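Participant: Contents of my_file26.txt (compact mmCIF, C-alpha atoms and all ligand atoms) are below:
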# COMPACT_ATOMS: atom_id res chain seq x y z
CA MET A 811 91.71 -38.43 3.47
CA THR A 812 88.31 -36.92 2.61
CA THR A 813 86.57 -38.56 -0.34
CA VAL A 814 85.89 -36.04 -3.15
CA ILE A 815 83.89 -37.00 -6.24
CA ARG A 816 83.17 -34.87 -9.31
CA ALA A 817 80.38 -35.47 -11.81
CA SER A 818 78.87 -33.55 -14.71
CA ALA A 819 75.56 -33.73 -16.57
CA PRO A 820 74.14 -32.08 -19.71
CA ALA A 821 71.40 -29.60 -20.54
CA LYS A 822 68.62 -30.76 -22.86
CA VAL A 823 66.67 -29.36 -25.73
CA ASN A 824 63.41 -30.89 -26.95
CA LEU A 825 63.74 -31.37 -30.72
CA VAL A 826 60.20 -32.68 -30.90
CA PHE A 827 57.66 -32.15 -28.14
CA GLU A 828 54.25 -33.75 -28.68
CA VAL A 829 51.59 -33.28 -26.04
CA GLY A 830 48.48 -35.43 -25.58
CA ILE A 831 45.14 -34.75 -23.97
CA ILE A 832 45.07 -34.01 -20.23
CA GLN A 833 44.56 -37.14 -18.08
CA ALA A 834 42.46 -37.64 -14.95
CA ASP A 835 45.56 -37.06 -12.77
CA GLY A 836 46.00 -33.57 -14.30
CA TYR A 837 49.10 -34.49 -16.33
CA HIS A 838 49.49 -34.48 -20.09
CA PRO A 839 51.22 -37.47 -21.68
CA VAL A 840 54.18 -36.34 -23.78
CA ASN A 841 56.30 -37.78 -26.54
CA SER A 842 59.61 -36.01 -26.57
CA LEU A 843 62.71 -36.27 -28.71
CA PHE A 844 65.51 -35.09 -26.42
CA LEU A 845 68.99 -33.98 -27.39
CA ALA A 846 71.68 -33.47 -24.72
CA LEU A 847 73.83 -30.35 -25.10
CA ASN A 848 77.44 -29.66 -24.17
CA LEU A 849 76.34 -27.11 -21.64
CA ARG A 850 77.20 -29.13 -18.55
CA GLU A 851 76.66 -28.62 -14.86
CA GLU A 852 79.55 -29.72 -12.65
CA LEU A 853 78.94 -31.04 -9.18
CA THR A 854 81.65 -31.77 -6.61
CA LEU A 855 80.78 -33.83 -3.57
CA ALA A 856 82.94 -34.07 -0.46
CA ALA A 857 82.26 -35.94 2.76
CA GLY A 858 81.07 -33.50 5.45
CA GLU A 859 81.40 -33.62 9.21
CA THR A 860 79.26 -36.19 10.99
CA GLY A 861 75.79 -34.81 11.64
CA SER A 862 76.27 -31.78 9.35
CA GLY A 863 73.69 -32.93 6.75
CA ILE A 864 73.88 -31.65 3.18
CA SER A 865 75.25 -28.18 2.49
CA ILE A 866 74.97 -26.75 -1.03
CA TYR A 867 77.11 -23.99 -2.55
CA VAL A 868 76.07 -22.74 -6.01
CA HIS A 869 78.20 -20.53 -8.27
CA GLY A 870 78.91 -19.86 -11.95
CA ASP A 871 80.42 -16.98 -13.88
CA THR A 872 78.83 -17.61 -17.29
CA LEU A 873 75.28 -16.81 -16.13
CA PRO A 874 73.78 -13.55 -14.90
CA GLU A 875 73.86 -13.45 -11.08
CA ARG A 876 70.04 -13.61 -10.85
CA HIS A 877 70.22 -17.22 -12.12
CA ILE A 878 72.61 -18.22 -9.35
CA GLN A 879 70.48 -16.42 -6.77
CA ALA A 880 67.35 -18.28 -7.94
CA VAL A 881 68.75 -21.71 -7.03
CA PRO A 882 67.59 -22.92 -3.62
CA THR A 883 70.31 -24.24 -1.29
CA ASP A 884 67.96 -25.98 1.14
CA GLU A 885 66.06 -29.28 0.97
CA THR A 886 63.93 -27.98 -1.93
CA ASN A 887 66.96 -28.25 -4.24
CA LEU A 888 66.52 -31.29 -6.49
CA VAL A 889 70.01 -32.56 -5.58
CA TYR A 890 68.95 -32.78 -1.95
CA LYS A 891 65.79 -34.70 -2.93
CA VAL A 892 67.63 -37.28 -5.03
CA ALA A 893 70.34 -37.67 -2.37
CA HIS A 894 67.63 -38.42 0.16
CA ALA A 895 65.96 -40.90 -2.24
CA LEU A 896 69.21 -42.78 -2.94
CA ALA A 897 70.10 -42.87 0.76
CA SER A 898 66.63 -44.22 1.64
CA HIS A 899 66.93 -46.82 -1.12
CA HIS A 900 70.01 -48.16 0.70
CA GLY A 901 68.26 -47.88 4.07
CA LEU A 902 70.50 -44.98 5.12
CA GLY A 903 69.71 -41.57 6.61
CA THR A 904 70.49 -38.24 4.91
CA PRO A 905 74.25 -38.25 4.21
CA ASP A 906 76.71 -35.63 5.52
CA LEU A 907 77.97 -33.92 2.38
CA GLN A 908 79.39 -30.65 1.13
CA LEU A 909 78.24 -29.98 -2.43
CA ASP A 910 79.61 -27.48 -4.88
CA ILE A 911 77.51 -26.86 -8.00
CA GLN A 912 79.01 -24.98 -10.91
CA LYS A 913 75.97 -23.77 -12.85
CA ARG A 914 76.12 -23.24 -16.59
CA ILE A 915 72.51 -24.02 -17.52
CA PRO A 916 70.13 -21.05 -17.25
CA VAL A 917 67.64 -21.45 -14.41
CA ALA A 918 63.96 -21.91 -15.29
CA GLY A 919 64.82 -21.79 -18.99
CA GLY A 920 63.25 -25.15 -19.91
CA MET A 921 66.71 -26.68 -20.34
CA ALA A 922 66.57 -29.07 -17.36
CA GLY A 923 69.12 -27.25 -15.18
CA GLY A 924 67.85 -28.63 -11.88
CA SER A 925 67.37 -32.11 -13.37
CA SER A 926 70.94 -32.04 -14.68
CA ASP A 927 72.25 -31.24 -11.18
CA ALA A 928 70.12 -34.07 -9.81
CA ALA A 929 71.48 -36.53 -12.39
CA ALA A 930 75.08 -35.50 -11.57
CA MET A 931 74.27 -35.95 -7.89
CA LEU A 932 72.89 -39.45 -8.41
CA VAL A 933 76.03 -40.53 -10.27
CA ALA A 934 78.35 -38.90 -7.70
CA LEU A 935 76.54 -40.27 -4.65
CA ASN A 936 76.29 -43.73 -6.21
CA GLU A 937 80.09 -43.68 -6.50
CA PHE A 938 80.52 -42.20 -3.01
CA TYR A 939 78.53 -45.02 -1.42
CA PHE A 940 80.63 -47.54 -3.32
CA GLN A 941 83.97 -45.97 -2.33
CA GLU A 942 83.05 -45.17 1.27
CA PHE A 943 80.92 -48.16 2.24
CA GLY A 944 81.44 -50.74 -0.52
CA ILE A 945 77.72 -50.53 -1.46
CA GLU A 946 77.19 -51.99 -4.92
CA ARG A 947 76.62 -49.26 -7.52
CA LEU A 948 73.10 -48.96 -8.99
CA SER A 949 72.82 -49.16 -12.79
CA THR A 950 71.80 -46.15 -14.90
CA ALA A 951 68.33 -47.70 -15.30
CA GLU A 952 67.98 -48.03 -11.51
CA LEU A 953 69.16 -44.45 -10.94
CA ALA A 954 66.72 -43.30 -13.66
CA GLN A 955 63.85 -45.00 -11.88
CA LEU A 956 64.71 -43.27 -8.59
CA GLY A 957 65.23 -39.90 -10.31
CA GLY A 958 62.15 -40.15 -12.56
CA ALA A 959 59.91 -40.22 -9.48
CA LEU A 960 61.26 -36.78 -8.50
CA GLY A 961 61.59 -35.00 -11.84
CA SER A 962 60.60 -36.12 -15.33
CA ASP A 963 63.77 -34.77 -16.99
CA ILE A 964 66.19 -36.48 -14.58
CA PRO A 965 66.27 -39.84 -16.44
CA PHE A 966 67.20 -38.18 -19.74
CA CYS A 967 69.98 -36.19 -18.04
CA LEU A 968 71.36 -39.54 -16.83
CA TYR A 969 71.31 -41.11 -20.32
CA GLY A 970 72.18 -38.07 -22.48
CA GLY A 971 72.73 -38.37 -26.24
CA LEU A 972 69.57 -38.57 -28.29
CA ALA A 973 66.54 -40.31 -26.84
CA ILE A 974 62.77 -40.50 -26.78
CA GLY A 975 60.92 -39.78 -23.57
CA THR A 976 57.33 -40.94 -23.13
CA ASN A 977 54.63 -40.89 -20.43
CA ARG A 978 55.71 -37.66 -18.64
CA GLY A 979 59.04 -37.75 -20.49
CA GLU A 980 60.70 -39.95 -17.85
CA GLN A 981 60.42 -43.27 -19.73
CA ILE A 982 63.57 -43.20 -21.84
CA ALA A 983 64.34 -45.14 -25.00
CA GLU A 984 67.86 -44.36 -26.22
CA LEU A 985 68.44 -43.74 -29.94
CA PRO A 986 71.72 -44.02 -31.87
CA GLY A 987 73.34 -40.59 -31.46
CA LEU A 988 73.35 -37.98 -34.22
CA GLN A 989 76.22 -38.62 -36.62
CA PHE A 990 77.06 -34.91 -36.81
CA GLU A 991 77.57 -32.10 -34.34
CA SER A 992 74.62 -29.72 -34.25
CA ASN A 993 75.07 -26.03 -33.41
CA TRP A 994 72.58 -24.32 -31.12
CA LEU A 995 71.86 -20.80 -30.09
CA LEU A 996 69.70 -20.46 -27.00
CA CYS A 997 67.89 -17.19 -26.33
CA ILE A 998 66.95 -16.88 -22.69
CA SER A 999 64.17 -14.47 -21.80
CA ASN A 1000 64.40 -12.14 -18.80
CA GLN A 1001 60.79 -12.93 -18.01
CA GLY A 1002 59.64 -16.38 -16.91
CA LEU A 1003 56.72 -18.31 -18.37
CA SER A 1004 54.81 -20.54 -15.97
CA THR A 1005 54.76 -24.15 -17.22
CA PRO A 1006 51.25 -24.89 -15.77
CA LEU A 1007 49.93 -21.73 -17.47
CA VAL A 1008 51.36 -22.83 -20.84
CA TYR A 1009 49.67 -26.24 -20.51
CA HIS A 1010 46.44 -24.54 -19.50
CA ARG A 1011 46.55 -22.37 -22.62
CA PHE A 1012 47.38 -25.49 -24.66
CA ASP A 1013 44.14 -27.06 -23.34
CA GLU A 1014 42.19 -23.89 -24.17
CA LEU A 1015 43.55 -23.76 -27.70
CA ALA A 1016 42.69 -27.47 -28.15
CA LEU A 1017 45.32 -27.92 -30.85
CA LEU A 1018 45.77 -31.65 -30.43
CA ASN A 1019 48.03 -33.51 -32.84
CA ASP A 1020 48.62 -37.24 -33.12
CA PHE A 1021 51.75 -38.75 -31.60
CA SER A 1022 54.27 -39.61 -34.31
CA ASN A 1023 56.47 -42.65 -34.51
CA LEU A 1024 59.71 -41.05 -33.37
CA VAL A 1025 61.49 -44.41 -33.08
CA ALA A 1026 61.75 -44.67 -36.84
CA LEU A 1027 63.49 -41.30 -37.25
CA GLN A 1028 66.69 -41.09 -39.29
CA ILE A 1029 68.43 -37.73 -39.04
CA ASN A 1030 71.63 -37.38 -41.04
CA SER A 1031 72.19 -33.64 -41.29
CA ALA A 1032 71.31 -30.32 -39.67
CA GLU A 1033 68.95 -29.63 -42.59
CA GLU A 1034 67.05 -32.87 -41.96
CA LEU A 1035 66.97 -32.11 -38.25
CA ALA A 1036 65.42 -28.70 -38.97
CA THR A 1037 62.56 -30.35 -40.86
CA VAL A 1038 61.83 -32.67 -37.92
CA MET A 1039 61.77 -30.00 -35.16
CA ALA A 1040 58.28 -29.34 -33.79
CA ASN A 1041 56.73 -28.32 -30.50
CA ASP A 1042 53.00 -28.68 -29.73
CA LEU A 1043 53.32 -26.14 -26.90
CA GLU A 1044 54.71 -23.39 -29.11
CA PRO A 1045 51.35 -21.76 -30.06
CA ALA A 1046 50.34 -21.69 -26.37
CA ALA A 1047 53.71 -20.17 -25.31
CA ILE A 1048 53.50 -17.56 -28.08
CA SER A 1049 49.93 -16.67 -27.23
CA LEU A 1050 51.07 -15.94 -23.64
CA MET A 1051 54.27 -14.16 -24.71
CA PRO A 1052 53.68 -12.76 -28.21
CA GLY A 1053 57.22 -11.33 -28.45
CA LEU A 1054 58.53 -14.90 -28.90
CA ALA A 1055 57.14 -14.98 -32.46
CA GLY A 1056 59.23 -11.95 -33.45
CA LEU A 1057 62.37 -13.45 -31.87
CA LYS A 1058 61.83 -16.70 -33.78
CA SER A 1059 61.53 -14.87 -37.11
CA LYS A 1060 64.52 -12.68 -36.29
CA LEU A 1061 66.70 -15.75 -35.65
CA GLU A 1062 65.59 -17.38 -38.90
CA ASP A 1063 66.25 -14.10 -40.77
CA LEU A 1064 69.74 -14.10 -39.23
CA GLY A 1065 70.48 -17.55 -40.66
CA ALA A 1066 69.04 -20.18 -38.32
CA LEU A 1067 67.79 -23.27 -40.18
CA LYS A 1068 64.96 -23.34 -37.66
CA ALA A 1069 64.14 -21.51 -34.42
CA MET A 1070 61.61 -22.96 -32.00
CA VAL A 1071 60.26 -22.42 -28.49
CA SER A 1072 61.99 -25.04 -26.33
CA GLY A 1073 59.54 -27.13 -24.26
CA SER A 1074 57.15 -24.81 -22.43
CA GLY A 1075 59.48 -21.86 -23.12
CA PRO A 1076 60.32 -19.09 -22.91
CA THR A 1077 63.77 -20.15 -24.17
CA ILE A 1078 64.07 -20.18 -27.97
CA ALA A 1079 66.40 -22.83 -29.41
CA ALA A 1080 67.78 -22.03 -32.85
CA LEU A 1081 69.65 -24.56 -35.01
CA PHE A 1082 72.50 -23.32 -37.22
CA GLU A 1083 74.39 -25.09 -39.99
CA SER A 1084 77.58 -23.17 -39.24
CA ARG A 1085 79.16 -22.83 -35.82
CA ASP A 1086 80.76 -19.50 -36.80
CA ARG A 1087 77.42 -18.00 -37.81
CA CYS A 1088 75.85 -19.28 -34.60
CA GLU A 1089 78.56 -17.54 -32.53
CA GLU A 1090 78.22 -14.32 -34.58
CA VAL A 1091 74.47 -14.16 -34.04
CA ALA A 1092 74.89 -14.81 -30.30
CA LYS A 1093 77.34 -11.88 -30.11
CA LEU A 1094 74.93 -9.67 -32.03
CA LEU A 1095 72.01 -10.53 -29.71
CA ASN A 1096 74.13 -10.03 -26.59
CA SER A 1097 75.13 -6.58 -27.90
CA GLU A 1098 71.39 -5.82 -28.18
CA GLY A 1099 70.85 -6.85 -24.56
CA ILE A 1100 69.30 -10.26 -25.37
CA PHE A 1101 70.86 -13.05 -23.27
CA ALA A 1102 72.00 -15.73 -25.73
CA LEU A 1103 74.27 -18.76 -25.28
CA THR A 1104 75.70 -21.19 -27.80
CA SER A 1105 76.19 -24.92 -27.43
CA THR A 1106 76.53 -28.12 -29.42
CA GLY A 1107 74.90 -31.53 -29.25
CA PRO A 1108 74.84 -34.42 -28.69
CA SER A 1109 76.54 -34.66 -25.29
CA ALA A 1110 77.02 -37.60 -22.94
CA GLY A 1111 74.73 -38.31 -20.02
CA ALA A 1112 75.71 -37.74 -16.39
CA ARG A 1113 79.18 -39.10 -15.72
CA LEU A 1114 82.04 -39.04 -13.25
CA GLU A 1115 84.86 -36.60 -14.01
CA GLY A 1116 88.49 -37.32 -13.16
P1 LIG A 1201 62.85 -28.26 -16.87
O1 LIG A 1201 63.46 -27.94 -18.19
O2 LIG A 1201 63.31 -29.58 -16.30
O3 LIG A 1201 61.38 -28.03 -16.81
P2 LIG A 1201 63.96 -25.75 -16.02
O4 LIG A 1201 65.33 -25.86 -16.66
O5 LIG A 1201 62.96 -24.90 -16.71
O6 LIG A 1201 63.45 -27.21 -15.79
P3 LIG A 1201 65.24 -25.36 -13.52
O7 LIG A 1201 66.44 -24.56 -13.89
O8 LIG A 1201 65.45 -26.80 -13.24
O9 LIG A 1201 64.10 -25.18 -14.60
O10 LIG A 1201 64.58 -24.61 -12.28
C1 LIG A 1201 63.21 -24.54 -12.03
C2 LIG A 1201 63.03 -24.20 -10.54
O11 LIG A 1201 63.46 -25.33 -9.77
C3 LIG A 1201 63.93 -23.05 -10.08
O12 LIG A 1201 63.26 -21.82 -10.18
C4 LIG A 1201 64.28 -23.42 -8.65
O13 LIG A 1201 63.41 -22.80 -7.73
C5 LIG A 1201 64.05 -24.94 -8.54
N1 LIG A 1201 65.29 -25.75 -8.36
C6 LIG A 1201 65.43 -26.79 -7.54
N2 LIG A 1201 66.65 -27.33 -7.62
C7 LIG A 1201 67.33 -26.63 -8.53
C8 LIG A 1201 68.65 -26.71 -9.06
N3 LIG A 1201 69.54 -27.62 -8.65
N4 LIG A 1201 68.99 -25.84 -10.02
C9 LIG A 1201 68.09 -24.93 -10.47
N5 LIG A 1201 66.85 -24.77 -9.97
C10 LIG A 1201 66.45 -25.62 -9.02
Show me this structure written as structure tokens.
Facilitator:
Amino acid sequence: MTTVIRASAPAKVNLVFEVGIIQADGYHPVNSLFLALNLREELTLAAGETGSGISIYVHGDTLPERHIQAVPTDETNLVYKVAHALASHHGLGTPDLQLDIQKRIPVAGGMAGGSSDAAAMLVALNEFYFQEFGIERLSTAELAQLGGALGSDIPFCLYGGLAIGTNRGEQIAELPGLQFESNWLLCISNQGLSTPLVYHRFDELALLNDFSNLVALQINSAEELATVMANDLEPAAISLMPGLAGLKSKLEDLGALKAMVSGSGPTIAALFESRDRCEEVAKLLNSEGIFALTSTGPSAGARLEG
């Protein structure tokens, strides 16, 4: 019988995103407070015919078709890259696999869609190697090390919950999860915003802040969470896409405790006290032609599904 393994992994939102001065290697160090959302990608892996390599099928009926079309199905897909890395780690060649990815996370929305698929793939392939060949499973920390070399958000998608990411965001320190369910509205722009361009504008604006001590944070309610939310890249994203400022104010006028550019944007993440109000505002925006989704957090990291 063919082995079939299913895994899922969460989207992320950056509650706090602090950015340091550009380093000699061209990267900016970051200090990020991540929250995993219950907007989960689902990946199904089945053994393929010998010599067939990896084939990837992507679908999803909760996202506009252009998001599905934007996902590569060749070796540039992050799932392919992590599969190759895990295979090489075990001294194996590229595995023969048929992959089915059910996408729920908007593509290029700063919500770690590709990284979430990669985290689900690492968990699924880890299990596949165990079931098919009896290869000892790698720990989450070992998978995070492999994944972190290929995408800085992959480790957080493996851990989920609430965590701090440092260096490029890939060094994860888990925090005790939020003790309440937080309600999120995510406004996804039709236009993209180039991440390198946002960092470049950040350098031009020279708005450097100190890194805070996120480890000591205690967040007990949505109201407290709203006071903590901050993103150093927001002024740069707004200066490149001025319409984001109006959308932020509109969401706060409609009842959000706080609305903020997520990561390098252009997605706006808005926190609501009430789930009902969050859903109502999403419906209103959708009726105005603005693509908005709702979700809740925290959510678990990448895991196998029965
Ligand atoms: P992050 O928040 O980690 O910066 P993102 O959510 O903004 O990422 P993704 O949805 O991961 O962005 O997609 C960014 C680009 O990565 C896409 O335009 C696509 O070309 C490429 N990509 C590679 N693998 C995937 C994948 N599995 N799903 C989506 N995009 C992928």
Participant: Would you mind telling me which residue in A:Glu946, A:Glu952, A:Glu1083, A:Asp835 lies nearest to Ser992 in chain A when using only C-alpha atoms?
Facilitator: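 Ranking A:Glu946, A:Glu952, A:Glu1083, A:Asp835 by distance to Ser992 in chain A, first place goes to A:Glu1083.
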Participant: Which residue is closest to ligand LIG 1201 (chain A)? Choose from A:Ala1066, A:Cys997, A:Leu853, A:Ala1110 and count only C-alpha atoms and all ligand atoms.
Facilitator: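 Using only C-alpha atoms and all ligand atoms, the shortest distance to ligand LIG 1201 (chain A) belongs to A:Leu853.
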Participant: Would you name the residues within 6 Å of ligand LIG 1201 (chain A), counting all atoms listed in the file, and put them as a VMD selection string?
Facilitator: chain A and resid 880 to 882 886 to 889 917 to 925 927 963
Participant: Leaving out range 892-898 of chain A and any residue of its chain fewer than 6 positions from it, which residues lie within 12 Å of it when counting all atoms listed in the file, given as JSON, numbers by chain?
Facilitator: {"A": [855, 863, 864, 865, 866, 885, 886, 904, 905, 906, 907, 908, 909, 924, 925, 926, 927, 928, 929, 930, 931, 932, 933, 934, 935, 936, 937, 938, 939, 945, 947, 948, 952, 953, 954, 955, 956, 957, 958, 959, 960, 961, 964, 965]}
Participant: Using all atoms listed in the file, can you tell me which of A:Phe1101, A:Tyr1009, A:Tyr890, A:Phe943 comes closest to Tyr837 in chain A?
Facilitator: A:Tyr1009
Participant: For Gly1116 in chain A, please output as a ChimeraX atom specification all residues within 10 Å (counting all atoms listed in the file; exclusion window: fewer than 2 positions along the same chain).
Facilitator: /A:815-817,1113-1114
